[in-house]
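In what follows, a single structure is set out as structure tokens and then discussed.
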Amino acid sequence: MSELSGFRALVTGGASGIGRATAGLLAARGADVAVLDLDPLAPDPLAPDPLGPGPFGHDPLDLGPSAVGKPLRGYRADVSDDASVRFAVAAAAEDLGGLDILVNNAGVGAVGTVEDNDDAEWHRVLDVNVLGMVRTTRAALPHLRASAHAAVVNTCSIAATAGLPQRTLYSASKGAVLSLTLAMAADHVREGIRVNCVNPGTADTPWVGRLLDRAADPVAERAALDARQPMGRLVTAEEVAAAIVYLASPAAASVTGTALAVDGGMQGLRLRPE
Ligand code: NAD
């Protein structure tokens with residue numbers, strides 16, 4: 001019997017990068033997994049033979065077998081749209097027969113200083129990165145309360161506490177995710193619902209690929225990015241997924257209100273320049 005056999009999990013932003021790796025690992029550990037994404041079939045379908053697109057939330061997509069043969073279900077929804085979130089979470093919970101694990105992972109990036117992003121951009125990013133997690137959690141809580149092993153894991157970032165240059169809006173959004181994680185953990189600890197977050201460093205996902213594509217020399221920029229990491233390389237989506245799945249699993253039964261860094265030592269180490 002696999003570690004997460006019988007567990008029912010919903011992963012937002014599960015069509016790409018960290019979310020996709022998490023959905024795959026949850027399924028590999030035996031969980032029944034649903035993916036909520038703007039487009040669960042893009043950019044790289046989890047299965048070779050999807051049924052095709054449907055309207056937001058209304059039409060669960062059969063993403064076919066995962067690498068380990070477990071079916072993955074896809075639900076098209078926009079976490080910045082409350083109605084589509086409520087519909088997709090309800091549909092996923094009904095199809096899975098309940099919910100034990102919610103991974104709030106969908107997020108968008110933002111580059112610049114406080115002068116570079118206008119109010120509309122602040123509202124857009126906070127609406128996805130912060131309120132998106134509020135909406136999915138609010139919709140999932142009635143189902144999580146019915147679970148004997150309920151866990152919420154939020155994908156935060158080292159940006160929440162690192163003071164990164166040119167990332168004001170993104171950092172503020174992840175700072176809010178960290179506070180949200182701690183406050184939700186306090187609110188729901190007596191209900192048996194654990195809430196934690198992971199703080200990835202720069203992770204090798206399509207997100208970083210898109211940023212590199214904008215550079216004059218993407219190959220040189222990638223080499224420079226690797227060289228800036230204490231380990232000389234980015235963390236992988238699979239390494240972040242392993243931390244998320246640990247926090248979601250019974251192995252972490254006494255762990256709540258924590259932020260687990262998966263950053264190759266970026267925050268903890270104080271390396272002297274060579
Ligand atoms: P990604 O772009 O590969 O995947 C993000 C997924 O979220 C995509 O499938 C996208 O469609 C989905 N998404 C975006 N907006 C959505 C919305 N409104 N509704 C539903 N789905 C939506 O990115 P990733 O690197 O895998 O990032 C995942 C999470 O990890 C994000 O929260 C990000 O802030 C966080 N993170 C990433 C890094 C990194 O370096 N890649 C570092 C720290 C934290």
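Chain labels follow the order of the structure tokens: the first chain is A, the next B, and so on; residue numbering restarts at 1 in every chain, and ligands are counted from 1 in their shown order.
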Review point. Which residues sit within 6 Å of ligand 1, counting only C-alpha atoms and all ligand atoms, listed as a PyMOL selection string?
Key: chain A and resi 13-19+37-39+77-80+105-108+128+155-157+200-208
Could you please take those selected residues and save N, CA and C atoms as a short mmCIF file (atom, residue, chain, number, x, y, z; two decimals), in the first residue's frame?
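Result saved to part01.cif:
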```
data_model
loop_
_atom_site.label_atom_id
_atom_site.label_comp_id
_atom_site.auth_asym_id
_atom_site.auth_seq_id
_atom_site.Cartn_x
_atom_site.Cartn_y
_atom_site.Cartn_z
N GLY A 13 -2.47 25.45 -10.17
CA GLY A 13 -1.29 25.68 -11.00
C GLY A 13 -0.57 24.38 -11.29
N GLY A 14 -1.34 23.31 -11.40
CA GLY A 14 -0.75 21.97 -11.50
C GLY A 14 -0.41 21.53 -12.91
N ALA A 15 -0.56 22.44 -13.89
CA ALA A 15 -0.27 22.04 -15.27
C ALA A 15 1.18 22.26 -15.66
N SER A 16 1.94 22.94 -14.80
CA SER A 16 3.31 23.31 -15.19
C SER A 16 4.23 23.33 -13.98
N GLY A 17 5.51 23.22 -14.22
CA GLY A 17 6.54 23.48 -13.22
C GLY A 17 6.35 22.75 -11.90
N ILE A 18 6.41 23.50 -10.81
CA ILE A 18 6.35 22.93 -9.46
C ILE A 18 5.02 22.21 -9.23
N GLY A 19 3.93 22.81 -9.69
CA GLY A 19 2.61 22.20 -9.50
C GLY A 19 2.48 20.88 -10.24
N ASP A 37 -6.17 24.55 -13.03
CA ASP A 37 -5.25 25.48 -13.71
C ASP A 37 -6.04 26.30 -14.73
N LEU A 38 -5.45 27.41 -15.14
CA LEU A 38 -6.05 28.20 -16.21
C LEU A 38 -6.26 27.34 -17.44
N ASP A 39 -5.26 26.53 -17.71
CA ASP A 39 -5.38 25.59 -18.81
C ASP A 39 -4.69 24.30 -18.41
N ALA A 77 -9.85 26.47 -14.30
CA ALA A 77 -10.36 27.53 -13.44
C ALA A 77 -9.30 28.62 -13.32
N ASP A 78 -9.76 29.82 -13.00
CA ASP A 78 -8.88 30.97 -12.80
C ASP A 78 -8.96 31.33 -11.31
N VAL A 79 -7.84 31.22 -10.59
CA VAL A 79 -7.91 31.47 -9.14
C VAL A 79 -8.24 32.93 -8.82
N SER A 80 -8.19 33.80 -9.82
CA SER A 80 -8.59 35.18 -9.56
C SER A 80 -10.09 35.39 -9.80
N ASN A 105 -0.70 26.51 -5.22
CA ASN A 105 0.59 26.71 -5.90
C ASN A 105 0.52 27.72 -7.05
N ALA A 106 -0.68 27.96 -7.61
CA ALA A 106 -0.78 28.86 -8.76
C ALA A 106 -0.22 30.23 -8.38
N GLY A 107 0.59 30.79 -9.25
CA GLY A 107 1.15 32.11 -8.98
C GLY A 107 1.70 32.73 -10.25
N VAL A 108 1.85 34.04 -10.22
CA VAL A 108 2.43 34.76 -11.36
C VAL A 108 3.57 35.64 -10.85
N VAL A 128 -4.08 37.08 -7.89
CA VAL A 128 -3.72 35.68 -8.17
C VAL A 128 -2.93 35.10 -7.00
N THR A 155 2.58 27.39 -1.89
CA THR A 155 3.89 27.66 -2.48
C THR A 155 4.20 29.15 -2.28
N CYS A 156 5.15 29.39 -1.38
CA CYS A 156 5.55 30.76 -1.08
C CYS A 156 6.85 31.01 -1.88
N SER A 157 7.84 31.65 -1.31
CA SER A 157 9.10 31.92 -2.01
C SER A 157 10.09 32.51 -1.02
N PRO A 200 10.59 28.08 -2.12
CA PRO A 200 11.62 27.71 -3.10
C PRO A 200 12.55 28.89 -3.36
N GLY A 201 13.81 28.54 -3.66
CA GLY A 201 14.70 29.52 -4.28
C GLY A 201 14.37 29.53 -5.77
N THR A 202 15.30 29.99 -6.58
CA THR A 202 15.03 30.00 -8.02
C THR A 202 14.96 28.55 -8.50
N ALA A 203 13.79 28.21 -9.04
CA ALA A 203 13.54 26.82 -9.43
C ALA A 203 13.50 26.70 -10.94
N ASP A 204 14.04 25.61 -11.42
CA ASP A 204 14.15 25.39 -12.86
C ASP A 204 12.80 24.95 -13.43
N THR A 205 11.97 25.92 -13.79
CA THR A 205 10.63 25.64 -14.32
C THR A 205 10.41 26.49 -15.57
N PRO A 206 9.32 26.26 -16.29
CA PRO A 206 9.04 27.10 -17.46
C PRO A 206 8.99 28.59 -17.12
N TRP A 207 8.64 28.91 -15.86
CA TRP A 207 8.61 30.31 -15.39
C TRP A 207 9.98 30.97 -15.59
N VAL A 208 11.04 30.29 -15.11
CA VAL A 208 12.39 30.82 -15.25
C VAL A 208 12.79 30.83 -16.73
#
```
Practice item. Among the residues of stretch 86-134 of chain A, find those DSSP assigns to strand (DSSP E) from the backbone and print them as JSON, numbers by chain. Key: {"A": [101, 102, 103, 104]}
Same residues, N, CA and C atoms, saved as a JSON list (two decimals), in the first residue's frame:
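again-v7.json written:
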```json
[["chain", "number", "residue", "atom", "x", "y", "z"],
["A", 101, "ILE", "N", -5.96, 16.96, 0.82],
["A", 101, "ILE", "CA", -4.77, 17.78, 0.59],
["A", 101, "ILE", "C", -5.10, 18.88, -0.40],
["A", 102, "LEU", "N", -4.77, 20.12, -0.02],
["A", 102, "LEU", "CA", -4.88, 21.24, -0.96],
["A", 102, "LEU", "C", -3.49, 21.84, -1.11],
["A", 103, "VAL", "N", -3.01, 21.90, -2.34],
["A", 103, "VAL", "CA", -1.73, 22.56, -2.61],
["A", 103, "VAL", "C", -2.03, 23.85, -3.37],
["A", 104, "ASN", "N", -1.87, 24.98, -2.67],
["A", 104, "ASN", "CA", -2.08, 26.29, -3.28],
["A", 104, "ASN", "C", -0.79, 26.73, -3.93]]
```
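The spacing separating atom CA of A:Leu182 from atom CA of A:Gly257 amounts to 4.9 Å.
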**Study point:** Residue contacts of A:Arg145 (10 Å, only C-alpha atoms) excluding same-chain residues fewer than 2 positions away, as a ChimeraX atom specification
**Key:** /A:98-100,140-143,147-151,188,191-193
Point to revise | Picked from stretch 1-221 of chain A by DSSP as alpha helix (DSSP H), as a ChimeraX atom specification | key: /A:17-28,82-96,119-129,131-145,159-162,168-188,206-213,218-221
Point to revise | Atomic separation - atom CA of A:Leu25 relative to atom CA of A:Ala91, Å | key: 22.2 Å
Excluding same-chain residues fewer than 3 positions from A:Val35, what lies within 9 Å of it counting only C-alpha atoms, as a PDB file with C-alpha atoms, in the first residue's frame?
```pdb
ATOM      1  CA  ALA A   9      -5.456  15.975  -3.414  1.00  0.00           C
ATOM      2  CA  LEU A  10      -6.085  19.178  -5.361  1.00  0.00           C
ATOM      3  CA  VAL A  11      -3.128  21.096  -6.825  1.00  0.00           C
ATOM      4  CA  THR A  12      -3.609  24.606  -8.214  1.00  0.00           C
ATOM      5  CA  GLY A  13      -1.287  25.678 -11.003  1.00  0.00           C
ATOM      6  CA  GLY A  14      -0.751  21.967 -11.505  1.00  0.00           C
ATOM      7  CA  ALA A  15      -0.269  22.035 -15.267  1.00  0.00           C
ATOM      8  CA  GLY A  19       2.606  22.197  -9.502  1.00  0.00           C
ATOM      9  CA  ARG A  20       2.952  19.627 -12.222  1.00  0.00           C
ATOM     10  CA  ALA A  23       0.698  16.414  -8.910  1.00  0.00           C
ATOM     11  CA  PRO A  40      -4.803  22.117 -17.360  1.00  0.00           C
ATOM     12  CA  LEU A  72      -5.118  12.775 -12.963  1.00  0.00           C
ATOM     13  CA  ARG A  73      -8.181  14.941 -13.356  1.00  0.00           C
ATOM     14  CA  GLY A  74      -7.972  18.472 -14.705  1.00  0.00           C
ATOM     15  CA  TYR A  75     -10.268  21.376 -13.846  1.00  0.00           C
ATOM     16  CA  ARG A  76     -10.091  24.587 -15.806  1.00  0.00           C
ATOM     17  CA  ALA A  92     -13.058  18.109  -7.882  1.00  0.00           C
TER      18      ALA A  92
END
```
Review point. Distance atom CA of A:Gly209-atom CA of A:Arg124, one decimal place?
Key: 21.8 Å
**Study point:** A:Gly232 surroundings by only C-alpha atoms, 9 Å radius, close-in-sequence under 6 positions cut, as a VMD selection string
**Key:** chain A and resid 225 to 226 264
Based on the selection just made, write C-alpha atoms of those residues as a compact mmCIF listing (two decimals), in the first residue's frame.
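Result went into again-v8.txt, see below:
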```txt
# COMPACT_ATOMS: atom_id res chain seq x y z
CA LEU A 225 22.05 32.41 -12.74
CA ASP A 226 23.45 28.97 -11.91
CA GLY A 264 19.99 25.31 -2.25
```
Practice item. Mind checking which residues fall within 12 Å of A:Ser173, counting only C-alpha atoms, ignoring those fewer than 5 positions away in the same chain, and posting them as a list in words? Key: Gly107, Val108, Gly109, Ala110, Glu121, Trp122, His123, Arg124, Val125, Leu126, Asp127, Val128, Asn129, Val130, Leu131, Gly132, Met133, Thr155, Cys156, Ser157, Ile158, Ala159, Ala160, Thr161, Arg167, Thr168, Leu178, Ser179 and Leu180 of chain A
Those same residues, written as a PDB file, in the first residue's frame with C-alpha atoms?
```pdb
ATOM      1  CA  GLY A 107       1.148  32.113  -8.978  1.00  0.00           C
ATOM      2  CA  VAL A 108       2.430  34.765 -11.363  1.00  0.00           C
ATOM      3  CA  GLY A 109       5.628  36.802 -11.369  1.00  0.00           C
ATOM      4  CA  ALA A 110       6.252  40.537 -11.392  1.00  0.00           C
ATOM      5  CA  GLU A 121      -0.596  45.486 -11.903  1.00  0.00           C
ATOM      6  CA  TRP A 122      -0.536  45.348  -8.080  1.00  0.00           C
ATOM      7  CA  HIS A 123      -4.197  44.350  -8.047  1.00  0.00           C
ATOM      8  CA  ARG A 124      -3.667  41.732 -10.771  1.00  0.00           C
ATOM      9  CA  VAL A 125      -0.714  40.018  -9.068  1.00  0.00           C
ATOM     10  CA  LEU A 126      -2.126  40.147  -5.520  1.00  0.00           C
ATOM     11  CA  ASP A 127      -5.432  38.839  -6.885  1.00  0.00           C
ATOM     12  CA  VAL A 128      -3.716  35.684  -8.175  1.00  0.00           C
ATOM     13  CA  ASN A 129      -0.887  35.142  -5.675  1.00  0.00           C
ATOM     14  CA  VAL A 130      -2.694  36.033  -2.441  1.00  0.00           C
ATOM     15  CA  LEU A 131      -6.450  36.122  -2.968  1.00  0.00           C
ATOM     16  CA  GLY A 132      -6.186  33.083  -5.227  1.00  0.00           C
ATOM     17  CA  MET A 133      -5.015  31.055  -2.224  1.00  0.00           C
ATOM     18  CA  THR A 155       3.893  27.662  -2.484  1.00  0.00           C
ATOM     19  CA  CYS A 156       5.555  30.760  -1.085  1.00  0.00           C
ATOM     20  CA  SER A 157       9.101  31.916  -2.008  1.00  0.00           C
ATOM     21  CA  ILE A 158      12.364  33.053  -0.465  1.00  0.00           C
ATOM     22  CA  ALA A 159      11.227  36.421  -1.866  1.00  0.00           C
ATOM     23  CA  ALA A 160       8.894  36.625   1.165  1.00  0.00           C
ATOM     24  CA  THR A 161      11.819  37.428   3.458  1.00  0.00           C
ATOM     25  CA  ARG A 167      10.919  42.148  -7.107  1.00  0.00           C
ATOM     26  CA  THR A 168       8.887  44.543  -4.934  1.00  0.00           C
ATOM     27  CA  LEU A 178       3.800  33.599   4.451  1.00  0.00           C
ATOM     28  CA  SER A 179       1.570  35.563   6.867  1.00  0.00           C
ATOM     29  CA  LEU A 180      -1.519  33.890   5.440  1.00  0.00           C
TER      30      LEU A 180
END
```
Point to revise | Shortest interatomic distance to A:Ala83 - which of A:Arg135, A:Asp95, A:Glu115, A:Ala253, counting only C-alpha atoms | key: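 Of A:Arg135, A:Asp95, A:Glu115, A:Ala253, the one nearest A:Ala83 is A:Arg135, counting only C-alpha atoms.
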Review point. So which one's closest to A:Leu260, A:Val189, A:Met231, A:Val198, A:Ala183? Using only C-alpha atoms, please.
Key: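 Smallest separation from A:Leu260 among the options: A:Val198.
Using only C-alpha atoms, the shortest contact distance between A:Pro250 and any of A:Ala93, A:Met266, A:Arg194, A:Arg233 is found at A:Arg194.
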